[in-house]
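Colleague: For reference, the structure I am asking about is given below.
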Amino acid sequence: MTVRFQAAVLRSYEDPFAVEEVALRTEPAVGEILVEIAGCGMCRTDLAVRRSAGRSPLPAVLGHEGAGIVVRGGGGPDTAIAVGDHVVLSFDSCGHCRNCRGAAPAYCDSFASINLFGGRKEDAPRLTDATGSALAPRWFGQSSFAEYALVPARNAVRVDPALPVELLGPLGCGFLTGAGAVLNTFGAGPGDTLAVFGAGAVGLAAVMAATAAGALTVAVDRHPERLALAERFGAIPLPAAAAGLPERIRRLTDGGAQYALDTTASSPLINDALRTLRPTGSLGLVARLHTALPLEPGTLDRGRSIRHICEGDAVPGLLIPRLTGLWQAGRFPFDQLIRTYPLADINKAERDCDAGRVVKPVLLPEGRNR
């Protein structure tokens, strides 16, 4: 089997994406499915490849918030997904290490190698460009900035075909991360208090999830338009530059937040987040730190804790249906964060994302543009 289709290829860390013809020369193996991509979210992790110091192999087709329709399957005893199913694609995991067996696939022993740095060892490069030159193994088990993606069925979550599948891809990573931090890691509920630092896609998903869970939420950001969105979704908005920020949040949360979530990787804001916490409060970090994190005296006193959260501590097959159910009930309006772009406009989408003009770009392959 050879499938030829359009995909956005990143050939160097400095160049723009090039939308070009690629070829997939293989049948789905046992445990794999071929998905026609209806839409794919653009995540900051995709764009961070440009700053990966050569660790992510190029040229490559990126994209890891894909969603679409299964057009072919390789079968296998563990594959319950069938041709014609609508699916959301999420991160890859090995399925057999201690953490995968313990329902913590985001902490898979092989997470970095199979998602970020070259894919599974058993996966020879099967994607080529029009000249026959190999492209890097699939990114996050997907490489879904494309019209088709060959993925492990383990990555895929079946969803209701009545849902707008072209918009669902970000539920596989960005929205899953923010919502999962609130619903899984913190287990927030009525009467709890949460401070969210950074109102981008992840932070606003956390705000929506906290509102759905009945928690009181304060959102901090430097962009007024992002704060307006946070307020629309139920949070109390505060500018990041506000004087006495921790004290103001402690007043708003009746003595301090029980939980705080930082999406910024900013050391000053992380220290502010710790100061907002009440005794025994918890701070979760979701952004990757690129420098040392100096913690100021007193920030970790009185039982406060800090930890990193990967992929919202989610089992995608459990959390994604929960989020689509909340959306159908009008309680998780993630679609209000999305702006769609034709796949051919991927470089404009990247520029808009970098400039903060869009919260969540979603790329639509040819035939899916609206």
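Ligands are numbered from 1 in the order shown, residues from 1 within each chain, and chains are lettered A, B, ... in the order they appear in the structure tokens.
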Which residues in segment 31-190 of chain A does DSSP call helix (DSSP H, G or I)? List them as number ranges by chain.
Modeller: A: 44-51, 98-101, 105-107, 111-115, 139-141, 153-155, 165-167, 169-172, 174-185
Colleague: List the spatial neighbours of Ala82 of chain A as a PyMOL selection string - criterion: any atom at most 10 Å away, only C-alpha atoms, same-chain residues fewer than 6 positions off excluded.
Modeller: chain A and resi 33+69-75+153+158
Colleague: DSSP on the backbone, strand (DSSP E or B) only: what residues of segment 211-245 of chain A does that give? Format it as a PyMOL selection string.
Modeller: chain A and resi 216-221+236-239
Colleague: Can you write just those residues out, all heavy atoms, as an mmCIF file, in the first residue's frame?
Modeller:
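As written to disk, result_8.cif reads:
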data_model
loop_
_atom_site.group_PDB
_atom_site.id
_atom_site.type_symbol
_atom_site.label_atom_id
_atom_site.label_comp_id
_atom_site.auth_asym_id
_atom_site.auth_seq_id
_atom_site.Cartn_x
_atom_site.Cartn_y
_atom_site.Cartn_z
ATOM 1 N N LEU A 216 -13.758 27.820 42.927
ATOM 2 C CA LEU A 216 -13.533 29.251 42.721
ATOM 3 C C LEU A 216 -12.144 29.417 42.119
ATOM 4 O O LEU A 216 -11.161 28.889 42.646
ATOM 5 C CB LEU A 216 -13.638 30.008 44.040
ATOM 6 C CG LEU A 216 -13.520 31.531 43.972
ATOM 7 C CD1 LEU A 216 -14.323 32.191 45.086
ATOM 8 C CD2 LEU A 216 -12.059 32.010 44.059
ATOM 9 N N THR A 217 -12.055 30.183 41.018
ATOM 10 C CA THR A 217 -10.804 30.277 40.275
ATOM 11 C C THR A 217 -10.411 31.724 40.037
ATOM 12 O O THR A 217 -11.254 32.559 39.697
ATOM 13 C CB THR A 217 -10.933 29.567 38.912
ATOM 14 O OG1 THR A 217 -11.424 28.245 39.116
ATOM 15 C CG2 THR A 217 -9.595 29.492 38.203
ATOM 16 N N VAL A 218 -9.106 31.996 40.211
ATOM 17 C CA VAL A 218 -8.510 33.278 39.852
ATOM 18 C C VAL A 218 -7.552 33.019 38.696
ATOM 19 O O VAL A 218 -6.763 32.069 38.742
ATOM 20 C CB VAL A 218 -7.750 33.902 41.034
ATOM 21 C CG1 VAL A 218 -7.097 35.226 40.613
ATOM 22 C CG2 VAL A 218 -8.676 34.105 42.219
ATOM 23 N N ALA A 219 -7.634 33.820 37.637
ATOM 24 C CA ALA A 219 -6.755 33.669 36.477
ATOM 25 C C ALA A 219 -5.849 34.880 36.361
ATOM 26 O O ALA A 219 -6.305 36.024 36.489
ATOM 27 C CB ALA A 219 -7.573 33.500 35.205
ATOM 28 N N VAL A 220 -4.567 34.622 36.107
ATOM 29 C CA VAL A 220 -3.560 35.666 36.007
ATOM 30 C C VAL A 220 -2.939 35.623 34.613
ATOM 31 O O VAL A 220 -2.527 34.557 34.146
ATOM 32 C CB VAL A 220 -2.457 35.469 37.079
ATOM 33 C CG1 VAL A 220 -1.357 36.512 36.928
ATOM 34 C CG2 VAL A 220 -3.061 35.507 38.476
ATOM 35 N N ASP A 221 -2.878 36.775 33.946
ATOM 36 C CA ASP A 221 -2.244 36.836 32.633
ATOM 37 C C ASP A 221 -1.867 38.287 32.353
ATOM 38 O O ASP A 221 -2.381 39.216 32.993
ATOM 39 C CB ASP A 221 -3.178 36.311 31.539
ATOM 40 C CG ASP A 221 -2.430 35.890 30.280
ATOM 41 O OD1 ASP A 221 -2.152 36.765 29.430
ATOM 42 O OD2 ASP A 221 -2.095 34.696 30.153
ATOM 43 N N ILE A 236 -12.045 34.807 38.180
ATOM 44 C CA ILE A 236 -11.794 36.195 38.557
ATOM 45 C C ILE A 236 -10.481 36.597 37.890
ATOM 46 O O ILE A 236 -9.446 35.969 38.121
ATOM 47 C CB ILE A 236 -11.665 36.334 40.088
ATOM 48 C CG1 ILE A 236 -12.945 35.874 40.772
ATOM 49 C CG2 ILE A 236 -11.329 37.771 40.464
ATOM 50 C CD1 ILE A 236 -12.808 35.735 42.280
ATOM 51 N N PRO A 237 -10.469 37.632 37.023
ATOM 52 C CA PRO A 237 -9.259 37.982 36.285
ATOM 53 C C PRO A 237 -8.356 38.937 37.074
ATOM 54 O O PRO A 237 -8.842 39.860 37.731
ATOM 55 C CB PRO A 237 -9.804 38.674 35.031
ATOM 56 C CG PRO A 237 -11.086 39.312 35.495
ATOM 57 C CD PRO A 237 -11.641 38.418 36.583
ATOM 58 N N LEU A 238 -7.042 38.706 36.970
ATOM 59 C CA LEU A 238 -6.063 39.605 37.591
ATOM 60 C C LEU A 238 -4.892 39.798 36.639
ATOM 61 O O LEU A 238 -4.313 38.811 36.159
ATOM 62 C CB LEU A 238 -5.538 39.043 38.913
ATOM 63 C CG LEU A 238 -6.382 39.218 40.173
ATOM 64 C CD1 LEU A 238 -5.656 38.595 41.359
ATOM 65 C CD2 LEU A 238 -6.681 40.684 40.436
ATOM 66 N N PRO A 239 -4.483 41.041 36.370
ATOM 67 C CA PRO A 239 -3.304 41.266 35.539
ATOM 68 C C PRO A 239 -2.043 40.753 36.231
ATOM 69 O O PRO A 239 -1.885 40.886 37.453
ATOM 70 C CB PRO A 239 -3.254 42.786 35.381
ATOM 71 C CG PRO A 239 -4.619 43.264 35.754
ATOM 72 C CD PRO A 239 -5.138 42.300 36.761
#
Colleague: Give me, as a list in words, all polymer residues having an atom no more than 7 Å from Tyr259 of chain A, counting only C-alpha atoms and skipping those fewer than 2 positions away in the same chain.
Modeller: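 Here the qualifying residues turn out to be Thr193, Leu194, Ala195, Ala257, Leu261, Leu277, Gly281, Ser282 and Leu283 of chain A.
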Colleague: Would you kindly return, as a list of chain:residue names, each protein, DNA or RNA residue with an atom no farther than 8 Å from any atom of Thr264 of chain A, considering only C-alpha atoms and excluding same-chain residues fewer than 2 positions away?
Modeller: A:Phe197, A:Gly198, A:Asp262, A:Ser266, A:Leu269, A:Ala287
Colleague: Report as CSV the residues of segment 79-183 of chain A within 10 Å of segment 313-324 of chain A, each with its shortest atom pair and distance in Å (one decimal), using only C-alpha atoms, ordered by chain and increasing residue number.
Modeller:
residue,atom,partner,partner_atom,distance
A:Val88,CA,A:Ile320,CA,8.2
A:Leu89,CA,A:Pro316,CA,8.8
A:Ser90,CA,A:Pro316,CA,6.8
A:Phe91,CA,A:Pro316,CA,8.4
A:Cys100,CA,A:Val315,CA,9.5
A:Ala103,CA,A:Val315,CA,6.6
A:Ala104,CA,A:Asp313,CA,6.7
A:Pro105,CA,A:Val315,CA,6.6
A:Ala106,CA,A:Asp313,CA,6.3
A:Tyr107,CA,A:Asp313,CA,8.2
A:Arg154,CA,A:Gly317,CA,9.2
A:Asn155,CA,A:Pro316,CA,8.3
A:Ala156,CA,A:Gly317,CA,7.9
A:Val157,CA,A:Gly317,CA,5.4
A:Arg158,CA,A:Gly317,CA,8.0
A:Val159,CA,A:Pro321,CA,7.0
A:Asp160,CA,A:Thr324,CA,8.8
A:Leu163,CA,A:Thr324,CA,8.3
A:Leu168,CA,A:Thr324,CA,8.5
A:Leu171,CA,A:Ile320,CA,6.3
A:Gly172,CA,A:Pro316,CA,7.0
A:Cys173,CA,A:Pro316,CA,9.0
A:Phe175,CA,A:Leu323,CA,9.0
A:Leu176,CA,A:Ile320,CA,7.1
A:Thr177,CA,A:Asp313,CA,7.6
A:Gly178,CA,A:Asp313,CA,9.9
A:Ala179,CA,A:Leu323,CA,8.2
A:Gly180,CA,A:Ala314,CA,5.9
A:Ala181,CA,A:Asp313,CA,6.7
A:Val182,CA,A:Asp313,CA,9.7
A:Leu183,CA,A:Leu319,CA,9.0
Colleague: Go through A:Ala235, A:Leu300, A:Leu252, A:Ala292 and flag the residue nearest Ala215 of chain A, using only C-alpha atoms for the distances.
Modeller: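 Closest to Ala215 of chain A, using only C-alpha atoms: A:Ala235.
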Colleague: Neighbours of Leu62 of chain A within 6 Å (only C-alpha atoms; same-chain residues fewer than 4 positions away dropped), as a PyMOL selection string?
Modeller: chain A and resi 139+143+145
Colleague: How would the residues just picked look written out with all heavy atoms as a CSV table (one decimal), in the first residue's frame?
Modeller:
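And here is the file that came out, out.csv:
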chain,number,residue,atom,x,y,z
A,139,TRP,N,5.9,11.7,15.0
A,139,TRP,CA,5.9,12.6,16.1
A,139,TRP,C,4.8,12.4,17.1
A,139,TRP,O,3.6,12.4,16.6
A,139,TRP,CB,5.9,14.1,15.6
A,139,TRP,CG,5.8,15.2,16.5
A,139,TRP,CD1,4.7,16.0,16.7
A,139,TRP,CD2,6.8,15.8,17.4
A,139,TRP,NE1,4.9,17.0,17.6
A,139,TRP,CE2,6.2,16.9,18.1
A,139,TRP,CE3,8.1,15.4,17.7
A,139,TRP,CZ2,6.9,17.6,19.0
A,139,TRP,CZ3,8.8,16.2,18.6
A,139,TRP,CH2,8.2,17.3,19.3
A,143,SER,N,2.3,12.5,13.9
A,143,SER,CA,2.7,13.4,12.7
A,143,SER,C,1.4,13.7,12.0
A,143,SER,O,1.2,13.4,10.8
A,143,SER,CB,3.7,12.6,11.8
A,143,SER,OG,4.9,12.5,12.5
A,145,PHE,N,0.1,16.9,11.2
A,145,PHE,CA,0.0,18.1,10.3
A,145,PHE,C,0.0,17.5,8.9
A,145,PHE,O,0.9,17.8,8.1
A,145,PHE,CB,1.2,19.0,10.5
A,145,PHE,CG,1.2,19.8,11.8
A,145,PHE,CD1,2.4,20.5,12.2
A,145,PHE,CD2,0.1,20.0,12.5
A,145,PHE,CE1,2.4,21.2,13.3
A,145,PHE,CE2,0.1,20.8,13.7
A,145,PHE,CZ,1.2,21.4,14.1
Colleague: Which value, in Å to one decimal, gives the distance between atom CA of Ala38 of chain A and atom CA of Thr340 of chain A?
Modeller: 11.4 Å
Colleague: Distance atom CA of Val165 of chain A-atom CA of His86 of chain A, one decimal place?
Modeller: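 If I compute the distance from atom CA of Val165 of chain A to atom CA of His86 of chain A, I get 6.9 Å.
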Colleague: Name the closest residue to Cys40 of chain A among the candidates A:Leu204, A:Ile309, A:Ala149, A:Val362; distances are taken between atoms, counting only C-alpha atoms.
Modeller: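 Closest candidate: A:Val362.
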Colleague: Which residues are near segment 13-30 of chain A? Cut-off 10 Å, only C-alpha atoms, ignore same chain within fewer than 4 positions. Put them as an NGL selection string.
Modeller: :A and (1-9 or 34 or 47-54 or 56-62 or 72-79 or 125-135 or 145-153 or 343-348 or 350)
Colleague: Could you save those same residues with C-alpha atoms as a short mmCIF file (atom, residue, chain, number, x, y, z; two decimals), in the first residue's frame?
Modeller:
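Output file again03.cif follows:
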data_model
loop_
_atom_site.label_atom_id
_atom_site.label_comp_id
_atom_site.auth_asym_id
_atom_site.auth_seq_id
_atom_site.Cartn_x
_atom_site.Cartn_y
_atom_site.Cartn_z
CA MET A 1 0.00 0.00 0.00
CA THR A 2 1.23 3.49 -0.87
CA VAL A 3 -0.77 6.52 0.18
CA ARG A 4 0.26 9.91 -1.19
CA PHE A 5 -1.02 13.04 0.49
CA GLN A 6 -0.22 16.58 1.55
CA ALA A 7 1.65 17.24 4.78
CA ALA A 8 3.46 20.15 6.41
CA VAL A 9 7.16 19.27 6.57
CA LEU A 34 -4.63 4.74 9.38
CA LEU A 47 6.74 24.95 17.90
CA ALA A 48 9.32 24.22 20.61
CA VAL A 49 11.03 21.83 18.18
CA ARG A 50 12.70 24.93 16.74
CA ARG A 51 14.44 25.39 20.11
CA SER A 52 15.25 21.73 20.76
CA ALA A 53 19.00 22.14 20.09
CA GLY A 54 18.91 19.45 17.44
CA SER A 56 14.25 16.30 17.60
CA PRO A 57 15.09 14.66 14.26
CA LEU A 58 14.36 16.58 11.06
CA PRO A 59 13.01 16.71 8.42
CA ALA A 60 9.75 15.72 10.04
CA VAL A 61 6.00 16.02 9.92
CA LEU A 62 4.96 17.39 13.31
CA ARG A 72 -7.82 1.24 7.59
CA GLY A 73 -6.75 -0.96 10.49
CA GLY A 74 -4.16 -3.62 11.16
CA GLY A 75 -6.32 -5.57 13.57
CA GLY A 76 -5.03 -7.29 16.68
CA PRO A 77 -6.56 -8.59 19.90
CA ASP A 78 -6.23 -5.26 21.71
CA THR A 79 -7.64 -3.11 18.91
CA PRO A 125 10.91 5.44 8.95
CA ARG A 126 7.93 4.72 6.72
CA LEU A 127 7.10 8.25 5.63
CA THR A 128 9.02 9.72 2.70
CA ASP A 129 8.92 12.90 0.68
CA ALA A 130 8.18 13.02 -3.04
CA THR A 131 11.80 12.16 -3.90
CA GLY A 132 11.76 9.04 -1.73
CA SER A 133 13.91 10.53 1.04
CA ALA A 134 12.94 9.38 4.51
CA LEU A 135 11.25 11.72 6.95
CA PHE A 145 0.01 18.06 10.32
CA ALA A 146 -1.12 16.06 7.33
CA GLU A 147 -4.09 14.60 5.49
CA TYR A 148 -3.41 11.12 6.92
CA ALA A 149 -1.63 9.70 9.95
CA LEU A 150 -0.57 6.12 10.71
CA VAL A 151 -0.86 5.74 14.48
CA PRO A 152 -0.84 3.09 17.21
CA ALA A 153 -4.44 2.28 18.08
CA LEU A 343 -3.26 23.36 6.38
CA ALA A 344 -1.69 25.44 3.60
CA ASP A 345 -1.70 28.43 6.00
CA ILE A 346 0.30 26.65 8.71
CA ASN A 347 2.98 29.35 8.78
CA LYS A 348 0.36 32.07 9.34
CA GLU A 350 2.35 29.69 13.72
#
Colleague: What does the structure give for the distance between atom CA of Gly84 of chain A and atom CA of Gly31 of chain A, in Å to one decimal?
Modeller: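 Distance reported for this atom pair: 16.1 Å.
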Colleague: Under the rule that only C-alpha atoms are counted, which of A:His64, A:Arg11, A:Arg44, A:Arg55 is the nearest residue to Val286 of chain A?
Modeller: A:Arg44
Colleague: Residues within 9 Å of Phe332 of chain A, please, as a list of chain:residue names. Count only C-alpha atoms; anything in the same chain fewer than 6 positions from it doesn't count.
Modeller: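 Once the nearby chain positions are removed, what remains is A:Ala205, A:Met208, A:Ala209, A:Thr211, A:Ala212, A:Phe233, A:Leu323, A:Thr324, A:Gly325, A:Leu326.
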Colleague: Dump C-alpha atoms for the selected residues as a PDB file, in the first residue's frame?
Modeller:
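Writing done, so here's part06.pdb:
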ATOM      1  CA  ALA A 205      -8.860  24.732  29.781  1.00  0.00           C
ATOM      2  CA  MET A 208     -13.184  25.843  32.298  1.00  0.00           C
ATOM      3  CA  ALA A 209     -12.624  22.553  34.110  1.00  0.00           C
ATOM      4  CA  THR A 211     -15.716  26.133  36.803  1.00  0.00           C
ATOM      5  CA  ALA A 212     -17.353  22.878  35.729  1.00  0.00           C
ATOM      6  CA  PHE A 233     -15.372  31.090  31.589  1.00  0.00           C
ATOM      7  CA  LEU A 323     -14.495  16.446  28.375  1.00  0.00           C
ATOM      8  CA  THR A 324     -16.685  15.882  25.322  1.00  0.00           C
ATOM      9  CA  GLY A 325     -19.564  15.120  27.682  1.00  0.00           C
ATOM     10  CA  LEU A 326     -18.965  18.381  29.540  1.00  0.00           C
TER      11      LEU A 326
END
